[in-house]
Structures are given as structure tokens and as C-alpha cells.
$ cat structure32.cif   # mmCIF, C-alpha atoms
data_query
loop_
_atom_site.label_atom_id
_atom_site.label_comp_id
_atom_site.auth_asym_id
_atom_site.auth_seq_id
_atom_site.Cartn_x
_atom_site.Cartn_y
_atom_site.Cartn_z
CA MET A 1 -218.15 43.31 64.22
CA TRP A 2 -219.09 43.35 67.87
CA LYS A 3 -216.06 42.96 70.06
CA ILE A 4 -216.31 41.17 73.34
CA LYS A 5 -213.80 42.51 75.80
CA PHE A 6 -212.52 40.82 78.88
CA GLU A 7 -212.83 42.36 82.34
CA LYS A 8 -209.16 43.22 82.75
CA GLU A 9 -208.56 45.33 79.70
CA ASN A 10 -205.11 46.59 80.57
CA LYS A 11 -203.75 43.30 81.74
CA VAL A 12 -203.12 40.32 79.53
CA SER A 13 -205.34 37.69 81.10
CA LYS A 14 -204.72 33.96 81.01
CA GLU A 15 -207.60 33.66 78.57
CA GLU A 16 -206.13 36.22 76.20
CA LYS A 17 -202.77 34.47 76.34
CA LEU A 18 -204.46 31.16 75.59
CA LEU A 19 -206.38 32.64 72.67
CA LYS A 20 -203.16 34.10 71.29
CA ASN A 21 -201.43 30.71 71.57
CA ILE A 22 -204.36 29.03 69.84
CA LYS A 23 -204.29 31.57 67.03
CA GLU A 24 -200.58 31.02 66.49
CA ALA A 25 -201.03 27.25 66.57
CA VAL A 26 -203.81 27.42 63.97
CA GLU A 27 -201.64 29.53 61.69
CA SER A 28 -198.68 27.19 61.97
CA GLY A 29 -200.25 23.74 62.26
CA GLY A 30 -204.02 23.97 61.88
CA TRP A 31 -206.76 23.14 64.32
CA GLU A 32 -205.17 19.87 65.47
CA ALA A 33 -202.20 21.92 66.67
CA ALA A 34 -204.61 24.24 68.47
CA LYS A 35 -206.13 21.24 70.22
CA GLU A 36 -202.64 20.26 71.33
CA VAL A 37 -202.16 23.74 72.84
CA CYS A 38 -205.40 23.35 74.79
CA ARG A 39 -204.43 19.86 75.90
CA ASN A 40 -201.11 21.15 77.21
CA THR A 41 -202.60 24.14 79.03
CA LYS A 42 -203.97 23.69 82.51
CA GLY A 43 -207.30 25.11 83.56
CA LYS A 44 -210.98 25.30 82.79
CA SER A 45 -210.70 27.68 79.84
CA SER A 46 -208.43 25.37 77.87
CA ALA A 47 -210.82 22.47 78.51
CA ILE A 48 -213.76 24.56 77.24
CA LEU A 49 -211.86 25.59 74.12
CA TYR A 50 -210.60 22.06 73.48
CA GLN A 51 -214.20 20.86 73.46
CA PHE A 52 -215.24 23.76 71.24
CA ILE A 53 -212.52 23.02 68.68
CA ASP A 54 -213.28 19.31 68.73
CA ASP A 55 -217.08 19.59 68.63
CA VAL A 56 -217.67 22.74 66.59
CA VAL A 57 -214.68 23.95 64.59
CA ILE A 58 -213.19 20.70 63.28
CA PRO A 59 -216.56 19.21 62.17
CA GLN A 60 -217.26 22.41 60.20
CA TRP A 61 -213.95 22.23 58.31
CA ARG A 62 -214.20 18.45 57.88
CA TRP A 63 -217.68 18.80 56.35
CA ARG A 64 -216.41 21.42 53.94
CA ALA A 65 -213.36 19.36 53.02
CA ASP A 66 -215.57 16.32 52.32
CA LYS A 67 -217.86 18.41 50.12
CA MET A 68 -214.91 19.84 48.18
CA LYS A 69 -213.55 16.33 47.67
CA ASN A 70 -216.94 15.17 46.33
CA ILE A 71 -217.12 18.13 43.96
CA LYS A 72 -213.63 17.30 42.61
CA ILE A 73 -214.55 13.64 42.14
CA GLN A 74 -217.76 14.61 40.33
CA ASN A 75 -215.88 17.04 38.07
CA ASN A 76 -213.32 14.36 37.19
CA GLU A 77 -216.10 11.85 36.44
CA ASN A 78 -217.83 14.39 34.21
CA ARG A 79 -214.58 15.02 32.32
CA ASN A 80 -214.08 11.31 31.76
CA MET B 1 -248.49 33.60 65.45
CA LYS B 2 -249.22 30.17 64.04
CA THR B 3 -247.87 28.88 60.79
CA GLU B 4 -250.10 26.59 58.75
CA ILE B 5 -247.45 25.07 56.51
CA LYS B 6 -245.87 21.98 57.97
CA GLU B 7 -243.00 21.20 55.61
CA THR B 8 -239.42 22.25 56.12
CA ALA B 9 -237.17 23.26 53.23
CA LYS B 10 -235.11 20.09 53.63
CA GLU B 11 -238.24 17.95 53.36
CA LEU B 12 -239.03 19.72 50.09
CA GLY B 13 -235.63 18.96 48.60
CA PHE B 14 -233.44 21.85 49.70
CA VAL B 15 -229.86 20.62 49.93
CA PRO B 16 -227.96 23.07 52.11
CA LYS B 17 -224.31 23.86 51.76
CA TYR B 18 -222.47 25.34 54.68
CA GLU B 19 -219.32 27.31 55.21
CA PRO B 20 -217.25 27.20 58.39
CA LEU B 21 -217.09 30.25 60.62
CA THR B 22 -214.52 32.82 59.57
CA PRO B 23 -211.35 33.06 61.69
CA GLU B 24 -212.74 36.28 63.19
CA GLY B 25 -216.07 34.59 63.93
CA THR B 26 -214.32 31.63 65.52
CA GLU B 27 -212.26 33.96 67.72
CA GLN B 28 -215.40 35.85 68.77
CA PHE B 29 -217.10 32.55 69.55
CA MET B 30 -214.19 31.48 71.77
CA LYS B 31 -214.34 34.81 73.61
CA ILE B 32 -218.06 34.31 74.22
CA LEU B 33 -217.38 30.85 75.61
CA LEU B 34 -214.81 32.20 78.05
CA SER B 35 -216.61 35.37 79.06
CA GLU B 36 -219.06 35.95 81.83
CA PRO B 37 -221.67 38.51 80.72
CA LYS B 38 -221.04 41.83 82.47
CA GLU B 39 -223.75 43.54 84.46
CA GLY B 40 -226.02 45.34 82.03
CA ALA B 41 -224.89 43.23 79.09
CA GLU B 42 -228.35 41.72 78.70
CA GLU B 43 -229.90 45.19 78.50
CA SER B 44 -227.54 46.07 75.66
CA MET B 45 -229.47 43.60 73.53
CA ILE B 46 -232.83 45.26 74.18
CA GLY B 47 -234.32 48.50 72.86
CA ASP B 48 -232.32 51.26 71.21
CA GLU B 49 -229.03 49.93 72.51
CA ALA B 50 -229.27 46.69 70.56
CA PRO B 51 -227.39 46.19 67.28
CA PHE B 52 -229.71 46.53 64.27
CA PRO B 53 -229.98 42.79 63.42
CA ILE B 54 -230.91 42.05 67.04
CA LYS B 55 -233.61 44.74 66.88
CA ILE B 56 -235.03 42.88 63.88
CA LEU B 57 -234.94 39.63 65.83
CA ASN B 58 -236.52 41.16 68.96
CA SER B 59 -239.22 43.04 67.06
CA ARG B 60 -240.33 39.96 65.13
CA ILE B 61 -240.46 37.82 68.25
CA GLU B 62 -242.41 40.46 70.20
CA ALA B 63 -244.76 41.77 67.52
CA LEU B 64 -245.68 38.36 66.13
CA GLU B 65 -245.63 36.69 69.55
CA LEU B 66 -243.37 33.97 68.26
CA PRO B 67 -242.94 30.93 70.50
CA ILE B 68 -239.20 31.36 70.91
CA SER B 69 -236.66 33.42 72.82
CA PHE B 70 -232.90 33.91 72.68
CA ASP B 71 -230.62 34.25 75.67
CA PHE B 72 -227.73 36.73 75.67
CA LYS B 73 -225.08 34.38 74.33
CA GLY B 74 -227.58 33.00 71.81
CA LYS B 75 -228.06 36.51 70.44
CA LEU B 76 -224.32 37.13 70.25
CA LEU B 77 -223.82 33.88 68.38
CA ALA B 78 -226.70 34.70 66.04
CA LEU B 79 -224.77 37.87 65.11
CA ILE B 80 -221.55 35.93 64.57
CA TYR B 81 -223.09 33.15 62.48
CA THR B 82 -224.98 35.58 60.25
CA ASP B 83 -222.25 38.23 60.19
CA GLY B 84 -224.87 40.76 61.28
CA ASN B 85 -226.77 40.41 57.98
CA PRO B 86 -230.49 41.18 58.61
CA GLY B 87 -231.71 38.70 55.96
CA LYS B 88 -229.53 35.96 57.37
CA ILE B 89 -230.64 36.63 60.93
CA VAL B 90 -234.30 36.20 59.91
CA THR B 91 -233.30 32.94 58.22
CA LEU B 92 -231.62 31.87 61.45
CA LEU B 93 -234.81 32.76 63.34
CA ILE B 94 -236.89 30.62 60.96
CA ASP B 95 -234.47 27.69 61.28
CA CYS B 96 -234.46 27.95 65.07
CA LEU B 97 -238.28 28.09 65.15
CA THR B 98 -238.47 25.05 62.92
CA LYS B 99 -236.21 23.03 65.17
CA PHE B 100 -236.77 24.50 68.63
CA GLU B 101 -240.27 26.00 68.70
CA GLY B 102 -241.27 26.98 72.23
CA GLN B 103 -237.71 26.98 73.59
CA THR B 104 -235.00 29.44 74.55
CA ILE B 105 -232.14 29.49 72.08
CA ASP B 106 -228.70 29.40 73.64
CA GLN B 107 -225.25 28.83 72.16
CA ASP B 108 -225.66 25.03 72.16
CA LYS B 109 -228.89 25.17 70.20
CA ILE B 110 -227.39 27.43 67.53
CA VAL B 111 -224.54 24.97 67.08
CA ASP B 112 -227.14 22.22 66.91
CA VAL B 113 -229.02 24.02 64.11
CA TYR B 114 -225.80 24.81 62.21
CA PRO B 115 -223.25 22.11 63.04
CA TYR B 116 -221.26 22.82 59.87
CA GLY B 117 -221.45 26.62 59.92
CA PHE B 118 -224.00 28.93 58.29
CA TYR B 119 -225.19 28.59 54.67
CA THR B 120 -222.91 29.50 51.81
CA GLU B 121 -224.06 32.55 49.85
CA ASP B 122 -225.46 30.36 47.01
CA SER B 123 -227.26 28.06 49.39
CA PHE B 124 -228.70 31.02 51.31
CA MET B 125 -230.03 32.60 48.10
CA ASP B 126 -231.52 29.26 47.01
CA LEU B 127 -233.34 28.95 50.33
CA ILE B 128 -234.68 32.50 50.17
CA ASP B 129 -235.72 32.55 46.52
CA ASN B 130 -237.10 29.05 46.17
CA TYR B 131 -238.56 28.30 49.57
CA PHE B 132 -239.07 31.39 51.74
CA LYS B 133 -240.24 33.91 49.15
CA LYS B 134 -242.56 31.34 47.62
CA ARG B 135 -243.98 30.68 51.10
CA LYS B 136 -243.45 26.97 50.66
CA VAL B 137 -242.11 26.15 54.08
CA LYS B 138 -242.96 26.47 57.73
CA TRP B 139 -242.44 29.98 59.19
CA SER B 140 -241.53 31.44 55.77
CA GLU B 141 -244.11 34.21 56.25
CA LEU B 142 -241.60 35.77 58.64
CA TYR B 143 -239.29 36.58 55.76
#
$ encode --input "structure32.cif" --output "C-alpha cells"
Amino acid sequence: MWKIKFEKENKVSKEEKLLKNIKEAVESGGWEAAKEVCRNTKGKSSAILYQFIDDVVIPQWRWRADKMKNIKIQNNENRN
Amino acid sequence: MKTEIKETAKELGFVPKYEPLTPEGTEQFMKILLSEPKEGAEESMIGDEAPFPIKILNSRIEALELPISFDFKGKLLALIYTDGNPGKIVTLLIDCLTKFEGQTIDQDKIVDVYPYGFYTEDSFMDLIDNYFKKRKVKWSELY
């Protein structure tokens, strides 16, 4: 995979810290928790990532969850 | 290059299934959103320096004079969405041409083409085997 590095490689930047917090939030409470992290973090980066999670990430997972639900319903109907 | 066929796969009955970006892909996407391209970054996507799937993308656009271009972040996202798979990146090119012929593809347009992620493996194979290889749909001669 192609890694994108930040300018200050030896210093933990605000963005890196934010990404780390988001990652931890996703692992513990899902993408809604990650949104909460962005909401509670000041600055432009958190606003960009909040929008990204809300507009791109959550719709992708919601679409998949809806599809999985439909497949389960269809399977149950077929069994009956 | 002009394509004579007018139909898109969806118009012919293709029902796509999508899978969300992987956690790694999502992280890469977030880094792209927050990063400012470094000096020389654009050049790294041209010529010998470019990753192989991007060479495929560039060569098709140039050689066939396709009415489309990708900006730097658009190319990076193309790699992330297709996981660097050459077949998938050509599929992405066809989808982008179908929707945004004559335009420059940036990160927003890729999200617009794939709002629910890229195709699942089954859906991708269905599209290739039943629509692209059979030259049924617009721009399928690129595959």
C-alpha cells in the first residue's frame, strides 16, 4: 500500500494525534464514537474528518448493513 | 477515442454490490484529506516513478486520448478504492468516464461514483464477465 507521510515525520503532529484518537474510538465504539471525537476536537482537520465520516464512511457501512439485513430476510422467507 | 455503445451496465440490468473501504483504506483516505501534496508529488504519478496501476491509467488516457483526467488526490484515491488492482483500476476508469466524461476526476468525484465503496469481488467479476468482456456497455472496449 502507498503510505502518505506527514511533513513532520519525527514529531507527532496534531493530525496524527487526531487520527490515533479516531482509530481508538472506532475500535471501542464504532464510527459514531469517532464522530464524537471529531466534534470534541477543535480545528479544521477535525471538521474535515467529521464531514468525511458522516458523508463517506457511515453511508458505506449503512448500505452494507441494509443489504445484509435484506439478505437475511430473504433467506428466512425462503426457509418458510 | 469515441465509444459507439450508449448503454451503461446498470441500464442493462447490472445490480452492483459494494463493500466499504477497509480500515487501512479509510485511514489512507483520511491522511489524503488532511495532507497538502508535497512539491514533486504530482510528478511521482507520471512516468517511471508512478505505481504500476497508475501507469495503466495514464497510458490508457494518453494513448487512447480519452476525454478525462485525474488530479493527484484523485489518482491516490483510485489506488485506495481499487487496492492497486490493475483490473479494478480500469473498471474505475470506465465508471468515471461513464459518469464524468470530459472532466477532471478529483476525490469528490470518486466518492460520487462509489458512494458505498468499491464493488464486492462477486459484483466486480459479474461486471467484467457479463458486461465488459462482452462489449455490451459504453467504454467497455477499454477493458
$ resolve_selection --input "structure32.cif" --expression "the PyMOL selection byres ((chain A) within 7 of (chain B))" --output "MDAnalysis selection string"
chainID A and resid 4 6 45 49 56 59:61 63:64
$ resolve_selection --input "structure32.cif" --expression "the PyMOL selection byres ((chain B and resi 87-97) around 10)" --output "MDAnalysis selection string"
chainID B and resid 8:9 53:54 56:57 60:61 66:70 75 78:86 98:105 109:110 112:114 118:119 121 124:125 127:128 132 137:143
$ residues_near_point --input "structure32.cif" --point "(-201.6, 31.1, 72.7)" --cutoff "12 Å" --atoms "all atoms listed in the file" --output "PyMOL selection string"
chain A and resi 12-28+33-38+40-41+46+49
$ atom_distance --input "structure32.cif" --atom1 "atom CA of A:Asp54" --atom2 "atom CA of B:Thr22"
16.4 Å
$ atom_distance --input "structure32.cif" --atom1 "atom CA of B:Phe52" --atom2 "atom CA of B:Leu77"
14.5 Å
$ atom_distance --input "structure32.cif" --atom1 "atom CA of A:Met68" --atom2 "atom CA of B:Thr120"
13.1 Å
$ resolve_selection --input "structure32.cif" --expression "the PyMOL selection byres ((chain B and resi 72) around 8)" --output "CSV table (one decimal) with C-alpha atoms, keeping the file's coordinate frame"
chain,number,residue,atom,x,y,z
B,41,ALA,CA,-224.9,43.2,79.1
B,42,GLU,CA,-228.4,41.7,78.7
B,45,MET,CA,-229.5,43.6,73.5
B,70,PHE,CA,-232.9,33.9,72.7
B,71,ASP,CA,-230.6,34.2,75.7
B,73,LYS,CA,-225.1,34.4,74.3
B,74,GLY,CA,-227.6,33.0,71.8
B,75,LYS,CA,-228.1,36.5,70.4
B,76,LEU,CA,-224.3,37.1,70.2
B,106,ASP,CA,-228.7,29.4,73.6
